[in-house]
Amino acid sequence: MKPFTFQQFTVNQSEDVFRVGTDGVLLGALANISDKKRILEVGTGSGLISLMLAQRNPDCQITAIDINEKAVLLAKENFENSPFSDRLSVMQSDFKNFHDEAYDLIVSNPPYFDENSSAKDAVARQKIELDFNDLIRKSSQLISDKGTFCVIIPFESGPEFISESHQQQFQLIRKVNIAGIIGSKPKRLILEFSKTKKVLIEEHLTIEKSPRQYSEQYIELTKDFHVFGK
């Protein structure tokens with residue numbers, strides 16, 4: 001499968017691992033990483049998000065985990081081939097049973113489809129091995145006192161995810177509404193939580209200004225990553 005080339009790193013891909021997609025790019029570009037030293041990515045896949053975070057923050061150490069052995073091997077290859085290899089590590093682990101010291105940021109592009117008969121990318125796409133409640137509960141246990149928890153999910157899943165996060169003493173501090181094209185309803189949400197209550201910041205992003213034409217917002221957001229014909 002053809003690699004996906006960014007400005008500072010390349011992501012090798014595999015038919016057996018969830019491919020590079022817009023959701024991952026958005027989370028990698030938008031997650032707040034200021035003053036974050038220890039970062040955990042849950043469900044790393046090819047390693048894209050961790051690579052983007054490592055590029056954005058030269059002071060962080062990132063641990064990436066995935067339950068899929070093939071994903072772990074692919075992410076390891078991509079990490080080792082990157083300029084950030086000394087700050088990236090990956091391991092095979094079920095997040096529900098994962099134990100470590102507290103993290104300053106936990107980030108995830110989690111499975112969000114209910115279980116169904118589709119076999120394609122089932123573990124990466126469907127809530128088979130990890131559902132929202134498991135992700136939120138475990139993240140609550142592993143986050144530092146001043147840390148943040150950041151995810152990208154379907155827009156319609158927002159109320160459920162926010163409600164379950166509140167039950168785990170998480171406070172919503174940032175919400176990014178993401179529309180696919182100008183004039184359309186939001187289709188994705190980036191949600192950021194903290195254990196400390198803060199004034200909620202709400203933002204809006206549109207990916208395309210017309211079919212297959214990126215918006216100025218998206219181009220500006222990803223200018224340090226996408227090649228855009230360079």
# chains A, B, ... in the order shown; residues from 1 in each chain; ligands from 1
call {"tool": "residues_around", "arguments": {"residues": "range 196-210 of chain A", "least_positions_apart": "2", "cutoff": "9 Å", "atoms": "only C-alpha atoms", "output": "ChimeraX atom specification"}}
result
/A:145-147,169-184,186,193-194,212-219
call {"tool": "write_last_selection", "arguments": {"atoms": "N, CA, C and O atoms", "output": "tab-separated table (two decimals), in the first residue's frame"}}
result
chain	number	residue	atom	x	y	z
A	145	ASP	N	-3.13	15.64	37.43
A	145	ASP	CA	-4.07	16.62	38.00
A	145	ASP	C	-4.33	17.79	37.05
A	145	ASP	O	-5.45	18.31	37.01
A	146	LYS	N	-3.31	18.20	36.32
A	146	LYS	CA	-3.46	19.32	35.39
A	146	LYS	C	-3.48	18.86	33.94
A	146	LYS	O	-3.37	19.68	33.02
A	147	GLY	N	-3.65	17.56	33.73
A	147	GLY	CA	-3.61	17.02	32.39
A	147	GLY	C	-4.91	17.19	31.63
A	147	GLY	O	-5.94	17.59	32.19
A	169	GLN	N	-15.81	12.71	36.45
A	169	GLN	CA	-15.23	13.95	36.99
A	169	GLN	C	-14.39	14.73	35.98
A	169	GLN	O	-13.55	15.54	36.35
A	170	PHE	N	-14.61	14.49	34.69
A	170	PHE	CA	-13.98	15.29	33.67
A	170	PHE	C	-14.83	16.52	33.39
A	170	PHE	O	-16.07	16.44	33.35
A	171	GLN	N	-14.19	17.66	33.16
A	171	GLN	CA	-14.87	18.90	32.80
A	171	GLN	C	-14.54	19.24	31.34
A	171	GLN	O	-13.37	19.23	30.95
A	172	LEU	N	-15.56	19.52	30.54
A	172	LEU	CA	-15.34	19.90	29.15
A	172	LEU	C	-14.78	21.31	29.10
A	172	LEU	O	-15.39	22.26	29.60
A	173	ILE	N	-13.59	21.47	28.49
A	173	ILE	CA	-12.96	22.79	28.45
A	173	ILE	C	-12.79	23.32	27.02
A	173	ILE	O	-12.51	24.50	26.82
A	174	ARG	N	-12.97	22.43	26.02
A	174	ARG	CA	-12.82	22.88	24.63
A	174	ARG	C	-13.65	21.98	23.72
A	174	ARG	O	-13.70	20.76	23.91
A	175	LYS	N	-14.29	22.61	22.74
A	175	LYS	CA	-15.14	21.88	21.80
A	175	LYS	C	-14.93	22.47	20.41
A	175	LYS	O	-15.12	23.67	20.20
A	176	VAL	N	-14.51	21.63	19.47
A	176	VAL	CA	-14.30	22.08	18.09
A	176	VAL	C	-15.33	21.37	17.20
A	176	VAL	O	-15.30	20.15	17.06
A	177	ASN	N	-16.23	22.15	16.62
A	177	ASN	CA	-17.24	21.62	15.71
A	177	ASN	C	-16.67	21.61	14.30
A	177	ASN	O	-16.25	22.65	13.80
A	178	ILE	N	-16.67	20.44	13.66
A	178	ILE	CA	-16.00	20.29	12.37
A	178	ILE	C	-17.01	19.90	11.30
A	178	ILE	O	-17.66	18.86	11.38
A	179	ALA	N	-17.14	20.77	10.28
A	179	ALA	CA	-18.01	20.50	9.14
A	179	ALA	C	-17.18	20.05	7.96
A	179	ALA	O	-16.02	20.48	7.79
A	180	GLY	N	-17.75	19.20	7.11
A	180	GLY	CA	-17.02	18.70	5.96
A	180	GLY	C	-16.86	19.75	4.88
A	180	GLY	O	-15.80	19.86	4.27
A	181	ILE	N	-17.91	20.53	4.64
A	181	ILE	CA	-17.90	21.53	3.57
A	181	ILE	C	-18.74	22.72	3.99
A	181	ILE	O	-19.65	22.59	4.83
A	182	ILE	N	-18.44	23.89	3.46
A	182	ILE	CA	-19.16	25.10	3.82
A	182	ILE	C	-20.66	24.91	3.62
A	182	ILE	O	-21.11	24.42	2.59
A	183	GLY	N	-21.42	25.29	4.64
A	183	GLY	CA	-22.87	25.20	4.57
A	183	GLY	C	-23.45	23.91	5.10
A	183	GLY	O	-24.67	23.78	5.27
A	184	SER	N	-22.58	22.92	5.40
A	184	SER	CA	-23.06	21.63	5.91
A	184	SER	C	-23.05	21.62	7.44
A	184	SER	O	-22.40	22.43	8.08
A	186	PRO	N	-22.09	20.12	11.15
A	186	PRO	CA	-20.88	19.48	11.67
A	186	PRO	C	-20.99	17.96	11.61
A	186	PRO	O	-22.07	17.40	11.85
A	193	PHE	N	-11.01	17.62	27.63
A	193	PHE	CA	-11.47	17.59	29.01
A	193	PHE	C	-10.32	17.77	29.98
A	193	PHE	O	-9.17	17.45	29.68
A	194	SER	N	-10.66	18.27	31.17
A	194	SER	CA	-9.69	18.43	32.25
A	194	SER	C	-10.38	18.05	33.55
A	194	SER	O	-11.61	18.03	33.65
A	212	ARG	N	-13.55	18.82	-2.92
A	212	ARG	CA	-12.14	18.54	-3.17
A	212	ARG	C	-11.27	19.80	-3.19
A	212	ARG	O	-10.16	19.79	-3.72
A	213	GLN	N	-11.77	20.87	-2.59
A	213	GLN	CA	-11.00	22.11	-2.46
A	213	GLN	C	-10.91	22.48	-0.97
A	213	GLN	O	-11.93	22.86	-0.38
A	214	TYR	N	-9.73	22.31	-0.38
A	214	TYR	CA	-9.59	22.59	1.04
A	214	TYR	C	-9.87	24.06	1.35
A	214	TYR	O	-9.54	24.96	0.57
A	215	SER	N	-10.45	24.30	2.51
A	215	SER	CA	-10.70	25.66	2.98
A	215	SER	C	-9.39	26.30	3.44
A	215	SER	O	-8.42	25.61	3.76
A	216	GLU	N	-9.38	27.61	3.49
A	216	GLU	CA	-8.21	28.32	4.00
A	216	GLU	C	-7.94	27.93	5.45
A	216	GLU	O	-6.77	27.84	5.87
A	217	GLN	N	-9.00	27.68	6.22
A	217	GLN	CA	-8.85	27.24	7.61
A	217	GLN	C	-8.05	25.96	7.69
A	217	GLN	O	-7.12	25.83	8.48
A	218	TYR	N	-8.43	24.98	6.87
A	218	TYR	CA	-7.77	23.67	6.92
A	218	TYR	C	-6.33	23.77	6.41
A	218	TYR	O	-5.42	23.15	6.98
A	219	ILE	N	-6.12	24.53	5.36
A	219	ILE	CA	-4.76	24.70	4.83
A	219	ILE	C	-3.85	25.34	5.87
A	219	ILE	O	-2.71	24.90	6.07
call {"tool": "residues_around", "arguments": {"residues": "range 107-109 of chain A", "least_positions_apart": "5", "cutoff": "8 Å", "atoms": "only C-alpha atoms", "output": "number ranges by chain"}}
result
A: 23-24, 27, 31, 39-44, 149-153
call {"tool": "atom_distance", "arguments": {"atom1": "CA of Lys195 in chain A", "atom2": "CA of Lys138 in chain A"}}
result
13.6 Å
call {"tool": "closest_residue", "arguments": {"among": "A:Ser157, A:Gln167, A:Ser82, A:Ser89", "to": "Gln61 in chain A", "atoms": "only C-alpha atoms"}}
result
A:Ser89
call {"tool": "residues_around", "arguments": {"residues": "Glu160 in chain A", "least_positions_apart": "3", "cutoff": "12 Å", "atoms": "only C-alpha atoms", "output": "ChimeraX atom specification"}}
result
/A:112,131-133,136,153-157,163-167
call {"tool": "write_last_selection", "arguments": {"atoms": "N, CA and C atoms", "output": "PDB file, in the first residue's frame"}}
result
ATOM      1  N   TYR A 112     -15.928   4.100  17.003  1.00  0.00           N
ATOM      2  CA  TYR A 112     -17.199   4.721  17.388  1.00  0.00           C
ATOM      3  C   TYR A 112     -18.436   4.057  16.794  1.00  0.00           C
ATOM      4  N   ASP A 131     -14.984   0.630  24.249  1.00  0.00           N
ATOM      5  CA  ASP A 131     -16.100   1.537  24.018  1.00  0.00           C
ATOM      6  C   ASP A 131     -15.831   2.867  24.718  1.00  0.00           C
ATOM      7  N   PHE A 132     -16.723   3.828  24.531  1.00  0.00           N
ATOM      8  CA  PHE A 132     -16.500   5.161  25.089  1.00  0.00           C
ATOM      9  C   PHE A 132     -16.332   5.126  26.605  1.00  0.00           C
ATOM     10  N   ASN A 133     -17.161   4.349  27.281  1.00  0.00           N
ATOM     11  CA  ASN A 133     -17.099   4.314  28.736  1.00  0.00           C
ATOM     12  C   ASN A 133     -15.754   3.783  29.228  1.00  0.00           C
ATOM     13  N   ILE A 136     -13.065   6.523  28.616  1.00  0.00           N
ATOM     14  CA  ILE A 136     -13.185   7.654  29.538  1.00  0.00           C
ATOM     15  C   ILE A 136     -12.768   7.249  30.951  1.00  0.00           C
ATOM     16  N   ILE A 153     -14.571  12.495  17.683  1.00  0.00           N
ATOM     17  CA  ILE A 153     -15.687  11.553  17.593  1.00  0.00           C
ATOM     18  C   ILE A 153     -16.739  12.114  16.638  1.00  0.00           C
ATOM     19  N   PRO A 154     -17.704  11.284  16.208  1.00  0.00           N
ATOM     20  CA  PRO A 154     -18.801  11.811  15.395  1.00  0.00           C
ATOM     21  C   PRO A 154     -19.587  12.878  16.165  1.00  0.00           C
ATOM     22  N   PHE A 155     -20.084  13.865  15.454  1.00  0.00           N
ATOM     23  CA  PHE A 155     -20.806  14.974  16.080  1.00  0.00           C
ATOM     24  C   PHE A 155     -21.991  14.470  16.900  1.00  0.00           C
ATOM     25  N   GLU A 156     -22.714  13.495  16.357  1.00  0.00           N
ATOM     26  CA  GLU A 156     -23.921  13.021  17.041  1.00  0.00           C
ATOM     27  C   GLU A 156     -23.607  12.246  18.324  1.00  0.00           C
ATOM     28  N   SER A 157     -22.373  11.822  18.495  1.00  0.00           N
ATOM     29  CA  SER A 157     -21.986  11.108  19.714  1.00  0.00           C
ATOM     30  C   SER A 157     -21.595  12.054  20.845  1.00  0.00           C
ATOM     31  N   SER A 163     -21.596  13.429  28.599  1.00  0.00           N
ATOM     32  CA  SER A 163     -22.291  12.972  29.799  1.00  0.00           C
ATOM     33  C   SER A 163     -21.478  11.917  30.544  1.00  0.00           C
ATOM     34  N   GLU A 164     -20.930  10.942  29.808  1.00  0.00           N
ATOM     35  CA  GLU A 164     -20.133   9.894  30.448  1.00  0.00           C
ATOM     36  C   GLU A 164     -18.850  10.470  31.033  1.00  0.00           C
ATOM     37  N   SER A 165     -18.280  11.464  30.387  1.00  0.00           N
ATOM     38  CA  SER A 165     -17.057  12.099  30.896  1.00  0.00           C
ATOM     39  C   SER A 165     -17.337  12.849  32.194  1.00  0.00           C
ATOM     40  N   HIS A 166     -18.459  13.521  32.275  1.00  0.00           N
ATOM     41  CA  HIS A 166     -18.830  14.217  33.513  1.00  0.00           C
ATOM     42  C   HIS A 166     -18.966  13.240  34.675  1.00  0.00           C
ATOM     43  N   GLN A 167     -19.454  12.046  34.380  1.00  0.00           N
ATOM     44  CA  GLN A 167     -19.608  11.040  35.433  1.00  0.00           C
ATOM     45  C   GLN A 167     -18.254  10.588  35.976  1.00  0.00           C
TER      46      GLN A 167
END
call {"tool": "residues_around", "arguments": {"residues": "Gly45 in chain A", "least_positions_apart": "2", "cutoff": "10 Å", "atoms": "only C-alpha atoms", "output": "PDB file with N, CA, C and O atoms, in the first residue's frame"}}
result
ATOM      1  N   GLN A  13       1.813   2.410   5.203  1.00  0.00           N
ATOM      2  CA  GLN A  13       0.464   1.935   5.475  1.00  0.00           C
ATOM      3  C   GLN A  13       0.341   0.451   5.155  1.00  0.00           C
ATOM      4  O   GLN A  13       1.209  -0.138   4.510  1.00  0.00           O
ATOM      5  N   SER A  14      -0.759  -0.132   5.626  1.00  0.00           N
ATOM      6  CA  SER A  14      -0.989  -1.562   5.439  1.00  0.00           C
ATOM      7  C   SER A  14      -2.483  -1.809   5.301  1.00  0.00           C
ATOM      8  O   SER A  14      -3.309  -1.101   5.890  1.00  0.00           O
ATOM      9  N   ASP A  16      -3.928  -4.117   6.639  1.00  0.00           N
ATOM     10  CA  ASP A  16      -4.375  -4.691   7.906  1.00  0.00           C
ATOM     11  C   ASP A  16      -4.484  -3.665   9.031  1.00  0.00           C
ATOM     12  O   ASP A  16      -4.844  -4.011  10.156  1.00  0.00           O
ATOM     13  N   VAL A  17      -4.165  -2.406   8.741  1.00  0.00           N
ATOM     14  CA  VAL A  17      -4.177  -1.362   9.769  1.00  0.00           C
ATOM     15  C   VAL A  17      -4.944  -0.161   9.225  1.00  0.00           C
ATOM     16  O   VAL A  17      -4.808   0.194   8.058  1.00  0.00           O
ATOM     17  N   PHE A  18      -5.733   0.472  10.098  1.00  0.00           N
ATOM     18  CA  PHE A  18      -6.535   1.620   9.682  1.00  0.00           C
ATOM     19  C   PHE A  18      -5.647   2.683   9.051  1.00  0.00           C
ATOM     20  O   PHE A  18      -4.618   3.062   9.598  1.00  0.00           O
ATOM     21  N   ARG A  19      -6.043   3.158   7.880  1.00  0.00           N
ATOM     22  CA  ARG A  19      -5.214   4.052   7.088  1.00  0.00           C
ATOM     23  C   ARG A  19      -5.223   5.504   7.578  1.00  0.00           C
ATOM     24  O   ARG A  19      -6.070   5.903   8.375  1.00  0.00           O
ATOM     25  N   VAL A  20      -4.291   6.286   7.051  1.00  0.00           N
ATOM     26  CA  VAL A  20      -4.263   7.727   7.320  1.00  0.00           C
ATOM     27  C   VAL A  20      -5.578   8.339   6.859  1.00  0.00           C
ATOM     28  O   VAL A  20      -6.045   8.081   5.745  1.00  0.00           O
ATOM     29  N   GLY A  24      -7.640  11.680  11.885  1.00  0.00           N
ATOM     30  CA  GLY A  24      -6.352  11.619  12.569  1.00  0.00           C
ATOM     31  C   GLY A  24      -5.539  12.883  12.376  1.00  0.00           C
ATOM     32  O   GLY A  24      -4.907  13.390  13.312  1.00  0.00           O
ATOM     33  N   GLU A  41      -1.051   8.037  23.488  1.00  0.00           N
ATOM     34  CA  GLU A  41      -2.058   7.879  22.438  1.00  0.00           C
ATOM     35  C   GLU A  41      -2.667   6.492  22.537  1.00  0.00           C
ATOM     36  O   GLU A  41      -1.956   5.484  22.517  1.00  0.00           O
ATOM     37  N   VAL A  42      -3.989   6.434  22.612  1.00  0.00           N
ATOM     38  CA  VAL A  42      -4.714   5.173  22.731  1.00  0.00           C
ATOM     39  C   VAL A  42      -5.257   4.783  21.354  1.00  0.00           C
ATOM     40  O   VAL A  42      -6.060   5.502  20.765  1.00  0.00           O
ATOM     41  N   GLY A  43      -4.814   3.622  20.858  1.00  0.00           N
ATOM     42  CA  GLY A  43      -5.244   3.151  19.545  1.00  0.00           C
ATOM     43  C   GLY A  43      -4.493   3.858  18.440  1.00  0.00           C
ATOM     44  O   GLY A  43      -5.077   4.548  17.609  1.00  0.00           O
ATOM     45  N   GLY A  47       0.370   5.194  13.684  1.00  0.00           N
ATOM     46  CA  GLY A  47       1.235   6.096  14.442  1.00  0.00           C
ATOM     47  C   GLY A  47       1.128   7.550  14.032  1.00  0.00           C
ATOM     48  O   GLY A  47       1.854   8.413  14.540  1.00  0.00           O
ATOM     49  N   LEU A  48       0.226   7.869  13.104  1.00  0.00           N
ATOM     50  CA  LEU A  48       0.109   9.217  12.549  1.00  0.00           C
ATOM     51  C   LEU A  48      -0.018  10.305  13.612  1.00  0.00           C
ATOM     52  O   LEU A  48       0.728  11.291  13.607  1.00  0.00           O
ATOM     53  N   ILE A  49      -0.970  10.161  14.530  1.00  0.00           N
ATOM     54  CA  ILE A  49      -1.240  11.219  15.507  1.00  0.00           C
ATOM     55  C   ILE A  49      -0.025  11.445  16.392  1.00  0.00           C
ATOM     56  O   ILE A  49       0.372  12.586  16.647  1.00  0.00           O
ATOM     57  N   SER A  50       0.590  10.380  16.867  1.00  0.00           N
ATOM     58  CA  SER A  50       1.783  10.518  17.705  1.00  0.00           C
ATOM     59  C   SER A  50       2.907  11.224  16.959  1.00  0.00           C
ATOM     60  O   SER A  50       3.620  12.056  17.529  1.00  0.00           O
ATOM     61  N   ALA A  64       2.628   5.262  22.641  1.00  0.00           N
ATOM     62  CA  ALA A  64       1.469   4.891  21.835  1.00  0.00           C
ATOM     63  C   ALA A  64       1.147   3.421  22.096  1.00  0.00           C
ATOM     64  O   ALA A  64       2.048   2.591  22.191  1.00  0.00           O
ATOM     65  N   ILE A  65      -0.139   3.129  22.232  1.00  0.00           N
ATOM     66  CA  ILE A  65      -0.534   1.732  22.431  1.00  0.00           C
ATOM     67  C   ILE A  65      -1.607   1.347  21.417  1.00  0.00           C
ATOM     68  O   ILE A  65      -2.345   2.185  20.920  1.00  0.00           O
ATOM     69  N   ASP A  66      -1.663   0.054  21.123  1.00  0.00           N
ATOM     70  CA  ASP A  66      -2.716  -0.486  20.262  1.00  0.00           C
ATOM     71  C   ASP A  66      -2.880  -1.953  20.618  1.00  0.00           C
ATOM     72  O   ASP A  66      -1.908  -2.631  20.974  1.00  0.00           O
ATOM     73  N   ILE A  67      -4.098  -2.438  20.510  1.00  0.00           N
ATOM     74  CA  ILE A  67      -4.363  -3.847  20.822  1.00  0.00           C
ATOM     75  C   ILE A  67      -3.994  -4.753  19.645  1.00  0.00           C
ATOM     76  O   ILE A  67      -3.804  -5.957  19.802  1.00  0.00           O
ATOM     77  N   ASN A  68      -3.860  -4.156  18.454  1.00  0.00           N
ATOM     78  CA  ASN A  68      -3.583  -4.882  17.225  1.00  0.00           C
ATOM     79  C   ASN A  68      -2.080  -5.020  17.013  1.00  0.00           C
ATOM     80  O   ASN A  68      -1.374  -4.027  16.850  1.00  0.00           O
ATOM     81  N   GLU A  69      -1.582  -6.245  17.016  1.00  0.00           N
ATOM     82  CA  GLU A  69      -0.143  -6.479  16.865  1.00  0.00           C
ATOM     83  C   GLU A  69       0.381  -5.913  15.552  1.00  0.00           C
ATOM     84  O   GLU A  69       1.490  -5.352  15.506  1.00  0.00           O
ATOM     85  N   LYS A  70      -0.378  -6.033  14.481  1.00  0.00           N
ATOM     86  CA  LYS A  70       0.076  -5.522  13.184  1.00  0.00           C
ATOM     87  C   LYS A  70       0.187  -4.001  13.213  1.00  0.00           C
ATOM     88  O   LYS A  70       1.087  -3.425  12.589  1.00  0.00           O
ATOM     89  N   ALA A  71      -0.720  -3.350  13.923  1.00  0.00           N
ATOM     90  CA  ALA A  71      -0.637  -1.888  14.063  1.00  0.00           C
ATOM     91  C   ALA A  71       0.608  -1.495  14.845  1.00  0.00           C
ATOM     92  O   ALA A  71       1.305  -0.533  14.490  1.00  0.00           O
ATOM     93  N   VAL A  72       0.904  -2.237  15.898  1.00  0.00           N
ATOM     94  CA  VAL A  72       2.080  -1.938  16.714  1.00  0.00           C
ATOM     95  C   VAL A  72       3.358  -2.057  15.888  1.00  0.00           C
ATOM     96  O   VAL A  72       4.240  -1.196  15.953  1.00  0.00           O
ATOM     97  N   LEU A  73       3.459  -3.097  15.087  1.00  0.00           N
ATOM     98  CA  LEU A  73       4.650  -3.289  14.253  1.00  0.00           C
ATOM     99  C   LEU A  73       4.776  -2.181  13.212  1.00  0.00           C
ATOM    100  O   LEU A  73       5.875  -1.687  12.938  1.00  0.00           O
ATOM    101  N   LEU A  74       3.645  -1.773  12.633  1.00  0.00           N
ATOM    102  CA  LEU A  74       3.670  -0.708  11.633  1.00  0.00           C
ATOM    103  C   LEU A  74       4.027   0.631  12.266  1.00  0.00           C
ATOM    104  O   LEU A  74       4.859   1.387  11.728  1.00  0.00           O
ATOM    105  N   ALA A  75       3.413   0.940  13.405  1.00  0.00           N
ATOM    106  CA  ALA A  75       3.732   2.197  14.093  1.00  0.00           C
ATOM    107  C   ALA A  75       5.202   2.226  14.503  1.00  0.00           C
ATOM    108  O   ALA A  75       5.870   3.257  14.390  1.00  0.00           O
ATOM    109  N   ASN A 109      -8.319   8.715  18.805  1.00  0.00           N
ATOM    110  CA  ASN A 109      -9.328   8.685  17.740  1.00  0.00           C
ATOM    111  C   ASN A 109      -9.991   7.319  17.886  1.00  0.00           C
ATOM    112  O   ASN A 109      -9.594   6.352  17.238  1.00  0.00           O
ATOM    113  N   ALA A 124     -10.697  -1.406  14.802  1.00  0.00           N
ATOM    114  CA  ALA A 124     -10.387   0.026  14.750  1.00  0.00           C
ATOM    115  C   ALA A 124     -11.641   0.878  14.648  1.00  0.00           C
ATOM    116  O   ALA A 124     -11.673   2.013  15.129  1.00  0.00           O
TER     117      ALA A 124
END
call {"tool": "atom_distance", "arguments": {"atom1": "CA of Pro211 in chain A", "atom2": "CA of Glu192 in chain A"}}
result
29.1 Å
call {"tool": "residues_around", "arguments": {"residues": "Leu88 in chain A", "least_positions_apart": "2", "cutoff": "7 Å", "atoms": "only C-alpha atoms", "output": "PyMOL selection string"}}
result
chain A and resi 61-63+79+84-86+90
call {"tool": "select_by_dssp", "arguments": {"residues": "range 52-216 of chain A", "states": "helix (DSSP H, G or I)", "output": "ChimeraX atom specification"}}
result
/A:52-56,69-80,85-87,95-97,122-125,132-142,155-167,216
call {"tool": "select_by_dssp", "arguments": {"residues": "range 43-204 of chain A", "states": "strand (DSSP E or B)", "output": "NGL selection string"}}
result
:A and (61-66 or 88-92 or 103-108 or 113 or 126 or 143-154 or 171-181 or 186-194 or 201-204)
call {"tool": "atom_distance", "arguments": {"atom1": "CA of Thr148 in chain A", "atom2": "CA of Gly28 in chain A"}}
result
14.4 Å
call {"tool": "residues_around", "arguments": {"residues": "Phe225 in chain A", "least_positions_apart": "2", "cutoff": "7 Å", "atoms": "only C-alpha atoms", "output": "list in words"}}
result
Phe6, Gln7, Thr222, Lys223 and Val227 of chain A
call {"tool": "decode", "arguments": {"residues": "range 50-63 of chain A", "atoms": "N, CA, C and O atoms", "output": "tab-separated table (two decimals), in the first residue's frame"}}
result
chain	number	residue	atom	x	y	z
A	50	SER	N	0.59	10.38	16.87
A	50	SER	CA	1.78	10.52	17.71
A	50	SER	C	2.91	11.22	16.96
A	50	SER	O	3.62	12.06	17.53
A	51	LEU	N	3.07	10.92	15.68
A	51	LEU	CA	4.10	11.57	14.88
A	51	LEU	C	3.82	13.07	14.76
A	51	LEU	O	4.74	13.90	14.88
A	52	MET	N	2.58	13.43	14.55
A	52	MET	CA	2.22	14.85	14.44
A	52	MET	C	2.46	15.58	15.76
A	52	MET	O	2.98	16.70	15.79
A	53	LEU	N	2.09	14.94	16.86
A	53	LEU	CA	2.28	15.57	18.18
A	53	LEU	C	3.77	15.73	18.48
A	53	LEU	O	4.20	16.74	19.04
A	54	ALA	N	4.56	14.73	18.10
A	54	ALA	CA	6.01	14.81	18.32
A	54	ALA	C	6.63	15.95	17.51
A	54	ALA	O	7.53	16.64	17.98
A	55	GLN	N	6.14	16.16	16.29
A	55	GLN	CA	6.63	17.27	15.48
A	55	GLN	C	6.26	18.61	16.11
A	55	GLN	O	7.07	19.54	16.13
A	56	ARG	N	5.06	18.70	16.66
A	56	ARG	CA	4.58	19.97	17.22
A	56	ARG	C	5.22	20.32	18.55
A	56	ARG	O	5.32	21.50	18.89
A	57	ASN	N	5.60	19.32	19.32
A	57	ASN	CA	6.15	19.58	20.66
A	57	ASN	C	7.48	18.83	20.82
A	57	ASN	O	7.48	17.64	21.12
A	58	PRO	N	8.60	19.53	20.66
A	58	PRO	CA	9.91	18.86	20.74
A	58	PRO	C	10.31	18.45	22.15
A	58	PRO	O	11.33	17.77	22.32
A	59	ASP	N	9.53	18.83	23.16
A	59	ASP	CA	9.87	18.51	24.55
A	59	ASP	C	9.09	17.33	25.12
A	59	ASP	O	9.28	16.97	26.29
A	60	CYS	N	8.21	16.73	24.33
A	60	CYS	CA	7.35	15.67	24.88
A	60	CYS	C	7.91	14.28	24.60
A	60	CYS	O	8.66	14.07	23.65
A	61	GLN	N	7.56	13.36	25.48
A	61	GLN	CA	7.80	11.93	25.29
A	61	GLN	C	6.44	11.28	25.07
A	61	GLN	O	5.52	11.49	25.87
A	62	ILE	N	6.31	10.49	24.02
A	62	ILE	CA	5.01	9.94	23.65
A	62	ILE	C	5.03	8.41	23.71
A	62	ILE	O	5.91	7.77	23.13
A	63	THR	N	4.06	7.86	24.40
A	63	THR	CA	3.82	6.42	24.40
A	63	THR	C	2.55	6.16	23.60
A	63	THR	O	1.52	6.78	23.85
